[in-house]
file data14.txt (compact mmCIF, C-alpha atoms and all ligand atoms)
# COMPACT_ATOMS: atom_id res chain seq x y z
CA MET A 3 40.66 108.41 67.40
CA SER A 4 43.15 110.95 66.13
CA GLN A 5 41.32 114.24 66.26
CA ARG A 6 43.31 115.46 63.32
CA ILE A 7 41.82 112.88 60.90
CA SER A 8 38.17 112.87 59.89
CA VAL A 9 36.00 111.13 57.33
CA ILE A 10 33.19 112.98 55.60
CA ILE A 11 30.80 112.26 52.76
CA GLY A 12 30.90 115.04 50.18
CA ASP A 13 32.37 116.68 47.14
CA ILE A 14 36.08 117.38 47.50
CA THR A 15 35.88 120.41 45.19
CA GLN A 16 33.82 122.23 47.79
CA GLN A 17 36.14 121.76 50.73
CA ASN A 18 37.45 124.87 52.43
CA VAL A 19 40.95 123.60 53.06
CA ASP A 20 44.43 124.78 52.15
CA ALA A 21 44.95 121.88 49.74
CA ILE A 22 42.87 119.21 48.08
CA VAL A 23 44.43 116.10 46.60
CA ASN A 24 43.49 115.00 43.10
CA ALA A 25 43.44 111.33 42.11
CA ALA A 26 44.91 112.14 38.70
CA ASN A 27 46.32 110.01 35.90
CA ASN A 28 49.89 109.93 34.55
CA SER A 29 49.23 112.64 31.95
CA LEU A 30 47.92 115.18 34.50
CA LEU A 31 45.71 116.44 31.69
CA GLY A 32 42.40 115.68 33.34
CA GLY A 33 40.11 112.69 33.21
CA GLY A 34 36.90 111.36 34.71
CA GLY A 35 35.79 110.96 38.30
CA VAL A 36 37.26 113.24 40.90
CA ASP A 37 39.90 114.50 38.43
CA GLY A 38 37.21 115.77 36.04
CA ALA A 39 35.28 117.36 38.89
CA ILE A 40 38.38 119.20 40.13
CA HIS A 41 39.28 120.51 36.67
CA ARG A 42 35.71 121.69 36.06
CA ALA A 43 35.54 123.49 39.38
CA ALA A 44 39.03 125.00 39.20
CA GLY A 45 38.67 126.28 35.63
CA SER A 46 40.85 126.07 32.54
CA GLN A 47 43.88 127.70 34.15
CA LEU A 48 44.40 124.50 36.10
CA LEU A 49 44.83 122.54 32.88
CA GLU A 50 47.25 125.18 31.58
CA GLU A 51 49.43 124.83 34.65
CA CYS A 52 49.19 121.03 34.53
CA ARG A 53 50.46 121.04 30.94
CA GLN A 54 53.73 122.57 32.15
CA LEU A 55 54.28 119.70 34.58
CA LYS A 56 54.88 117.04 31.90
CA GLY A 57 52.97 114.30 33.66
CA CYS A 58 53.51 112.47 36.94
CA ALA A 59 54.69 108.96 37.76
CA THR A 60 52.43 106.61 39.70
CA GLY A 61 52.95 107.14 43.45
CA GLU A 62 54.39 110.63 43.00
CA ALA A 63 52.75 114.02 43.54
CA LYS A 64 52.93 117.47 41.98
CA ILE A 65 51.35 120.68 43.21
CA THR A 66 49.49 123.47 41.40
CA LYS A 67 47.39 126.41 42.44
CA GLY A 68 43.67 125.89 43.05
CA TYR A 69 42.38 128.75 40.85
CA ASN A 70 38.57 128.94 41.22
CA LEU A 71 38.46 126.32 43.96
CA PRO A 72 38.09 127.31 47.61
CA ALA A 73 41.36 125.42 48.17
CA LYS A 74 44.57 127.37 47.57
CA TRP A 75 46.44 124.33 46.26
CA VAL A 76 45.77 121.12 44.37
CA ILE A 77 48.15 118.24 44.93
CA HIS A 78 47.95 115.87 41.97
CA THR A 79 48.93 112.31 42.73
CA VAL A 80 48.58 109.22 40.59
CA GLY A 81 47.28 106.08 42.24
CA PRO A 82 47.98 102.57 40.97
CA VAL A 83 45.54 100.69 38.78
CA TRP A 84 44.48 97.57 40.69
CA GLN A 85 45.82 94.50 38.90
CA GLY A 86 45.14 91.85 41.51
CA GLY A 87 47.48 93.05 44.24
CA ARG A 88 50.79 91.51 43.20
CA GLN A 89 52.12 94.38 41.14
CA GLY A 90 53.15 96.56 44.08
CA GLU A 91 49.77 98.28 44.26
CA ASP A 92 49.75 98.58 48.07
CA GLU A 93 53.15 100.25 48.17
CA LEU A 94 52.31 102.57 45.28
CA LEU A 95 49.12 103.69 46.97
CA ALA A 96 51.01 104.27 50.23
CA GLN A 97 53.51 106.35 48.25
CA CYS A 98 50.67 108.57 46.96
CA TYR A 99 49.83 109.55 50.54
CA ARG A 100 53.48 109.98 51.51
CA SER A 101 54.35 112.07 48.42
CA SER A 102 51.29 114.28 48.90
CA LEU A 103 51.97 114.82 52.59
CA ALA A 104 55.63 115.55 51.88
CA LEU A 105 54.51 118.84 50.29
CA VAL A 106 52.68 120.04 53.37
CA GLU A 107 55.53 121.78 55.13
CA GLN A 108 57.00 123.54 52.11
CA TYR A 109 53.62 125.06 51.19
CA GLN A 110 52.53 125.71 54.78
CA ILE A 111 49.45 123.57 54.38
CA GLN A 112 47.52 123.23 57.63
CA THR A 113 44.40 121.57 56.30
CA ILE A 114 44.21 118.99 53.51
CA ALA A 115 41.49 116.84 51.96
CA PHE A 116 42.07 113.51 50.21
CA PRO A 117 39.66 111.59 47.98
CA ALA A 118 39.54 107.79 48.09
CA ILE A 119 42.50 107.47 45.72
CA SER A 120 42.38 104.54 43.25
CA THR A 121 39.01 103.22 44.45
CA GLY A 122 37.00 104.44 41.45
CA ALA A 123 38.04 103.76 37.88
CA TYR A 124 41.33 102.26 39.08
CA GLY A 125 39.48 99.48 40.92
CA PHE A 126 41.46 99.24 44.18
CA PRO A 127 39.45 97.33 46.84
CA VAL A 128 37.95 99.95 49.12
CA ASP A 129 38.69 98.37 52.51
CA ARG A 130 42.30 97.78 51.57
CA ALA A 131 42.70 101.31 50.18
CA ALA A 132 41.13 102.76 53.32
CA GLN A 133 43.52 100.87 55.57
CA ILE A 134 46.53 102.11 53.61
CA ALA A 135 45.22 105.68 53.65
CA VAL A 136 44.70 105.87 57.40
CA THR A 137 47.98 104.06 58.15
CA GLU A 138 50.05 106.51 56.11
CA ILE A 139 48.23 109.59 57.37
CA GLN A 140 48.49 108.50 60.99
CA GLN A 141 52.19 107.74 60.55
CA PHE A 142 52.79 111.19 59.08
CA LEU A 143 50.87 112.95 61.84
CA LYS A 144 52.98 111.24 64.51
CA GLU A 145 55.98 113.24 63.35
CA ASN A 146 54.32 116.39 62.05
CA TYR A 147 52.74 118.99 64.28
CA THR A 148 51.93 121.70 61.75
CA LEU A 149 49.24 119.84 59.85
CA GLU A 150 46.03 120.50 61.76
CA GLN A 151 43.40 118.60 59.85
CA VAL A 152 43.28 115.78 57.33
CA ILE A 153 39.86 115.13 55.82
CA LEU A 154 39.11 111.94 53.94
CA VAL A 155 36.34 112.94 51.56
CA CYS A 156 34.24 110.01 50.39
CA PHE A 157 31.69 110.34 47.65
CA SER A 158 29.28 107.67 48.89
CA GLN A 159 27.95 106.64 52.26
CA SER A 160 29.27 103.11 51.78
CA ALA A 161 32.81 104.31 51.06
CA GLY A 162 32.55 106.68 54.02
CA ASP A 163 31.55 103.83 56.31
CA ARG A 164 34.54 101.82 55.21
CA TYR A 165 37.06 104.63 55.64
CA LEU A 166 35.60 105.34 59.07
CA THR A 167 35.90 101.67 60.01
CA ALA A 168 39.55 101.71 58.94
CA LEU A 169 40.14 104.84 61.00
CA LYS A 170 38.58 103.31 64.12
CA GLN A 171 40.52 100.11 63.56
CA ILE A 172 43.89 101.80 63.37
CA ASP A 173 43.21 103.63 66.57
CA LYS A 174 43.16 100.36 68.45
CA THR A 175 46.65 99.44 67.24
P1 LIG A 201 40.81 106.60 40.50
O1 LIG A 201 41.08 106.64 39.02
O2 LIG A 201 42.05 106.96 41.32
O3 LIG A 201 40.16 105.36 40.95
P2 LIG A 201 38.27 108.07 40.54
O4 LIG A 201 38.07 109.54 40.37
O5 LIG A 201 37.70 107.17 39.51
O6 LIG A 201 39.86 107.86 40.73
O7 LIG A 201 37.68 107.62 41.94
C1 LIG A 201 38.29 107.89 43.18
C2 LIG A 201 37.23 108.12 44.21
O8 LIG A 201 36.76 109.46 44.11
C3 LIG A 201 35.97 107.24 44.05
O9 LIG A 201 35.63 106.73 45.32
C4 LIG A 201 34.93 108.22 43.53
O10 LIG A 201 33.63 107.85 43.94
C5 LIG A 201 35.36 109.48 44.21
N1 LIG A 201 34.87 110.76 43.66
C6 LIG A 201 34.42 111.06 42.42
N2 LIG A 201 34.10 112.36 42.33
C7 LIG A 201 34.36 112.91 43.56
C8 LIG A 201 34.22 114.22 44.12
N3 LIG A 201 33.75 115.25 43.41
N4 LIG A 201 34.59 114.40 45.42
C9 LIG A 201 35.07 113.38 46.15
N5 LIG A 201 35.23 112.14 45.68
C10 LIG A 201 34.87 111.90 44.40
call {"tool": "encode", "arguments": {"input": "data14.txt", "output": "structure tokens"}}
result
Amino acid sequence: MSQRISVIIGDITQQNVDAIVNAANNSLLGGGGVDGAIHRAAGSQLLEECRQLKGCATGEAKITKGYNLPAKWVIHTVGPVWQGGRQGEDELLAQCYRSSLALVEQYQIQTIAFPAISTGAYGFPVDRAAQIAVTEIQQFLKENYTLEQVILVCFSQSAGDRYLTALKQIDKT
């Protein structure tokens, strides 16, 4: 198993990493789930900075400071809403990981934590989302040597089990 990828159960707002990724919505003005938790923990300055960004397209990513969070940066990405799988959802979710990771070098990010993007309110099937997440992260790590640690932060034991299964699976390929 790649020693640079790990799965944990926990609250992403409490991670001591250089950057945490937010599963945001197109407005970037906050919402429920992990987005709400990140805005609450970071404080109102995060919303102020997000207002300047004028939203974000699905699959893309924009970076802000982390304010009151332990993390220096928040990378806001917008996952696809699951609509049955034939609307390009897989590719859009893969793009979320690629766009987020594309910011790593420019901001000298050595440690990053991702939530299970799209698997909450956006309804993406968890096993499928997990497979896409680990595939994209592994692919990125093959060509990047500066990123030391990628943490997949799951909010429930069952999600954690499924992301860990996906991680073990990809290691055999
Ligand atoms: P989306 O709209 O992209 O589906 P959600 O926030 O609804 O985003 O859910 C994404 C995942 O984040 C879900 O698995 C949810 O359980 C999880 N989650 C919610 N709050 C937190 C948190 N504080 N830390 C980590 N994961 C969280």
call {"tool": "closest_residue", "arguments": {"input": "data14.txt", "among": "A:Ser158, A:Ser29, A:Gln5, A:Ser102", "to": "ligand LIG 201 (chain A)", "atoms": "only C-alpha atoms and all ligand atoms"}}
result
A:Ser158
call {"tool": "closest_residue", "arguments": {"input": "data14.txt", "among": "A:Gln140, A:Thr60, A:Gln171, A:Thr121", "to": "ligand LIG 201 (chain A)", "atoms": "only C-alpha atoms and all ligand atoms"}}
result
A:Thr121
call {"tool": "residues_around", "arguments": {"input": "data14.txt", "residues": "Gly57 in chain A", "least_positions_apart": "4", "cutoff": "9 Å", "atoms": "all atoms listed in the file", "output": "ChimeraX atom specification"}}
result
/A:27-31,52-53,64
call {"tool": "residues_near_ligand", "arguments": {"input": "data14.txt", "ligand": "ligand LIG 201 (chain A)", "cutoff": "8 Å", "atoms": "only C-alpha atoms and all ligand atoms", "output": "mmCIF file with C-alpha atoms, in the frame of the given file"}}
result
data_model
loop_
_atom_site.group_PDB
_atom_site.id
_atom_site.type_symbol
_atom_site.label_atom_id
_atom_site.label_comp_id
_atom_site.auth_asym_id
_atom_site.auth_seq_id
_atom_site.Cartn_x
_atom_site.Cartn_y
_atom_site.Cartn_z
ATOM 1 C CA ILE A 11 30.800 112.260 52.760
ATOM 2 C CA GLY A 12 30.900 115.040 50.180
ATOM 3 C CA ASP A 13 32.370 116.680 47.140
ATOM 4 C CA ILE A 14 36.080 117.380 47.500
ATOM 5 C CA THR A 15 35.880 120.410 45.190
ATOM 6 C CA ALA A 25 43.440 111.330 42.110
ATOM 7 C CA ALA A 26 44.910 112.140 38.700
ATOM 8 C CA ASN A 27 46.320 110.010 35.900
ATOM 9 C CA GLY A 34 36.900 111.360 34.710
ATOM 10 C CA GLY A 35 35.790 110.960 38.300
ATOM 11 C CA VAL A 36 37.260 113.240 40.900
ATOM 12 C CA ASP A 37 39.900 114.500 38.430
ATOM 13 C CA GLY A 38 37.210 115.770 36.040
ATOM 14 C CA ALA A 39 35.280 117.360 38.890
ATOM 15 C CA ILE A 40 38.380 119.200 40.130
ATOM 16 C CA VAL A 80 48.580 109.220 40.590
ATOM 17 C CA GLY A 81 47.280 106.080 42.240
ATOM 18 C CA PRO A 82 47.980 102.570 40.970
ATOM 19 C CA VAL A 83 45.540 100.690 38.780
ATOM 20 C CA PRO A 117 39.660 111.590 47.980
ATOM 21 C CA ALA A 118 39.540 107.790 48.090
ATOM 22 C CA ILE A 119 42.500 107.470 45.720
ATOM 23 C CA SER A 120 42.380 104.540 43.250
ATOM 24 C CA THR A 121 39.010 103.220 44.450
ATOM 25 C CA GLY A 122 37.000 104.440 41.450
ATOM 26 C CA ALA A 123 38.040 103.760 37.880
ATOM 27 C CA TYR A 124 41.330 102.260 39.080
ATOM 28 C CA GLY A 125 39.480 99.480 40.920
ATOM 29 C CA PHE A 126 41.460 99.240 44.180
ATOM 30 C CA VAL A 155 36.340 112.940 51.560
ATOM 31 C CA CYS A 156 34.240 110.010 50.390
ATOM 32 C CA PHE A 157 31.690 110.340 47.650
ATOM 33 C CA SER A 158 29.280 107.670 48.890
ATOM 34 C CA ALA A 161 32.810 104.310 51.060
#
call {"tool": "residues_around", "arguments": {"input": "data14.txt", "residues": "Gln97 in chain A", "least_positions_apart": "2", "cutoff": "12 Å", "atoms": "all atoms listed in the file", "output": "ChimeraX atom specification"}}
result
/A:59-63,79-82,90-95,99-104,119,134-135,137-139,142
call {"tool": "write_last_selection", "arguments": {"input": "data14.txt", "atoms": "C-alpha atoms", "output": "PDB file, in the coordinates of the input"}}
result
ATOM      1  CA  ALA A  59      54.690 108.960  37.760  1.00  0.00           C
ATOM      2  CA  THR A  60      52.430 106.610  39.700  1.00  0.00           C
ATOM      3  CA  GLY A  61      52.950 107.140  43.450  1.00  0.00           C
ATOM      4  CA  GLU A  62      54.390 110.630  43.000  1.00  0.00           C
ATOM      5  CA  ALA A  63      52.750 114.020  43.540  1.00  0.00           C
ATOM      6  CA  THR A  79      48.930 112.310  42.730  1.00  0.00           C
ATOM      7  CA  VAL A  80      48.580 109.220  40.590  1.00  0.00           C
ATOM      8  CA  GLY A  81      47.280 106.080  42.240  1.00  0.00           C
ATOM      9  CA  PRO A  82      47.980 102.570  40.970  1.00  0.00           C
ATOM     10  CA  GLY A  90      53.150  96.560  44.080  1.00  0.00           C
ATOM     11  CA  GLU A  91      49.770  98.280  44.260  1.00  0.00           C
ATOM     12  CA  ASP A  92      49.750  98.580  48.070  1.00  0.00           C
ATOM     13  CA  GLU A  93      53.150 100.250  48.170  1.00  0.00           C
ATOM     14  CA  LEU A  94      52.310 102.570  45.280  1.00  0.00           C
ATOM     15  CA  LEU A  95      49.120 103.690  46.970  1.00  0.00           C
ATOM     16  CA  TYR A  99      49.830 109.550  50.540  1.00  0.00           C
ATOM     17  CA  ARG A 100      53.480 109.980  51.510  1.00  0.00           C
ATOM     18  CA  SER A 101      54.350 112.070  48.420  1.00  0.00           C
ATOM     19  CA  SER A 102      51.290 114.280  48.900  1.00  0.00           C
ATOM     20  CA  LEU A 103      51.970 114.820  52.590  1.00  0.00           C
ATOM     21  CA  ALA A 104      55.630 115.550  51.880  1.00  0.00           C
ATOM     22  CA  ILE A 119      42.500 107.470  45.720  1.00  0.00           C
ATOM     23  CA  ILE A 134      46.530 102.110  53.610  1.00  0.00           C
ATOM     24  CA  ALA A 135      45.220 105.680  53.650  1.00  0.00           C
ATOM     25  CA  THR A 137      47.980 104.060  58.150  1.00  0.00           C
ATOM     26  CA  GLU A 138      50.050 106.510  56.110  1.00  0.00           C
ATOM     27  CA  ILE A 139      48.230 109.590  57.370  1.00  0.00           C
ATOM     28  CA  PHE A 142      52.790 111.190  59.080  1.00  0.00           C
TER      29      PHE A 142
END
call {"tool": "residues_around", "arguments": {"input": "data14.txt", "residues": "Glu50 in chain A", "least_positions_apart": "4", "cutoff": "12 Å", "atoms": "only C-alpha atoms", "output": "list in words"}}
result
Leu30, Leu31, Gly32, His41, Ala44, Gly45, Ser46, Gln54, Leu55, Lys56, Thr66, Lys67 and Tyr69 of chain A
call {"tool": "closest_residue", "arguments": {"input": "data14.txt", "among": "A:Val23, A:Glu51, A:Trp84, A:Asp129", "to": "Cys98 in chain A", "atoms": "only C-alpha atoms"}}
result
A:Val23
call {"tool": "closest_residue", "arguments": {"input": "data14.txt", "among": "A:Arg164, A:Pro72, A:Gln16, A:Ile7", "to": "Gln151 in chain A", "atoms": "all atoms listed in the file"}}
result
A:Ile7
call {"tool": "closest_residue", "arguments": {"input": "data14.txt", "among": "A:Ser8, A:Thr148, A:Gln133, A:Thr167", "to": "Ala96 in chain A", "atoms": "all atoms listed in the file"}}
result
A:Gln133
call {"tool": "atom_distance", "arguments": {"input": "data14.txt", "atom1": "CA of Val76 in chain A", "atom2": "CA of Arg6 in chain A"}}
result
19.9 Å
call {"tool": "closest_residue", "arguments": {"input": "data14.txt", "among": "A:Val106, A:Gly68, A:Leu166, A:Gly33", "to": "Val128 in chain A", "atoms": "all atoms listed in the file"}}
result
A:Leu166
call {"tool": "atom_distance", "arguments": {"input": "data14.txt", "atom1": "CA of Phe116 in chain A", "atom2": "CA of Leu154 in chain A"}}
result
5.0 Å
call {"tool": "atom_distance", "arguments": {"input": "data14.txt", "atom1": "CA of Ala43 in chain A", "atom2": "CA of Leu71 in chain A"}}
result
6.1 Å
call {"tool": "build_atoms", "arguments": {"input": "data14.txt", "residues": "range 22-43 of chain A", "atoms": "N, CA and C atoms", "output": "CSV table (one decimal), in the coordinates of the input"}}
result
chain,number,residue,atom,x,y,z
A,22,ILE,N,43.6,120.5,48.3
A,22,ILE,CA,42.9,119.2,48.1
A,22,ILE,C,43.8,118.3,47.2
A,23,VAL,N,43.6,117.0,47.4
A,23,VAL,CA,44.4,116.1,46.6
A,23,VAL,C,43.6,115.6,45.5
A,24,ASN,N,44.2,115.5,44.3
A,24,ASN,CA,43.5,115.0,43.1
A,24,ASN,C,44.0,113.6,42.8
A,25,ALA,N,43.1,112.7,42.6
A,25,ALA,CA,43.4,111.3,42.1
A,25,ALA,C,43.5,111.4,40.6
A,26,ALA,N,44.7,111.8,40.1
A,26,ALA,CA,44.9,112.1,38.7
A,26,ALA,C,45.4,110.9,37.9
A,27,ASN,N,45.7,111.1,36.7
A,27,ASN,CA,46.3,110.0,35.9
A,27,ASN,C,47.7,110.5,35.5
A,28,ASN,N,48.5,109.6,34.8
A,28,ASN,CA,49.9,109.9,34.6
A,28,ASN,C,50.1,111.2,33.7
A,29,SER,N,49.1,111.5,32.9
A,29,SER,CA,49.2,112.6,32.0
A,29,SER,C,49.0,114.0,32.7
A,30,LEU,N,48.3,114.0,33.8
A,30,LEU,CA,47.9,115.2,34.5
A,30,LEU,C,47.1,116.1,33.6
A,31,LEU,N,46.5,115.6,32.6
A,31,LEU,CA,45.7,116.4,31.7
A,31,LEU,C,44.2,116.3,31.9
A,32,GLY,N,43.8,115.8,33.0
A,32,GLY,CA,42.4,115.7,33.3
A,32,GLY,C,41.9,114.3,33.0
A,33,GLY,N,40.7,114.0,33.5
A,33,GLY,CA,40.1,112.7,33.2
A,33,GLY,C,38.7,112.7,33.8
A,34,GLY,N,38.2,111.5,34.1
A,34,GLY,CA,36.9,111.4,34.7
A,34,GLY,C,36.9,111.4,36.2
A,35,GLY,N,35.9,111.1,36.8
A,35,GLY,CA,35.8,111.0,38.3
A,35,GLY,C,36.2,112.2,39.0
A,36,VAL,N,36.9,112.1,40.1
A,36,VAL,CA,37.3,113.2,40.9
A,36,VAL,C,38.2,114.2,40.1
A,37,ASP,N,39.0,113.7,39.3
A,37,ASP,CA,39.9,114.5,38.4
A,37,ASP,C,39.1,115.5,37.6
A,38,GLY,N,38.1,114.9,36.9
A,38,GLY,CA,37.2,115.8,36.0
A,38,GLY,C,36.5,116.8,36.9
A,39,ALA,N,36.0,116.4,38.0
A,39,ALA,CA,35.3,117.4,38.9
A,39,ALA,C,36.2,118.5,39.3
A,40,ILE,N,37.4,118.2,39.7
A,40,ILE,CA,38.4,119.2,40.1
A,40,ILE,C,38.7,120.2,39.0
A,41,HIS,N,39.0,119.6,37.8
A,41,HIS,CA,39.3,120.5,36.7
A,41,HIS,C,38.1,121.4,36.3
A,42,ARG,N,36.9,120.9,36.4
A,42,ARG,CA,35.7,121.7,36.1
A,42,ARG,C,35.6,122.8,37.1
A,43,ALA,N,35.8,122.5,38.3
A,43,ALA,CA,35.5,123.5,39.4
A,43,ALA,C,36.7,124.5,39.4
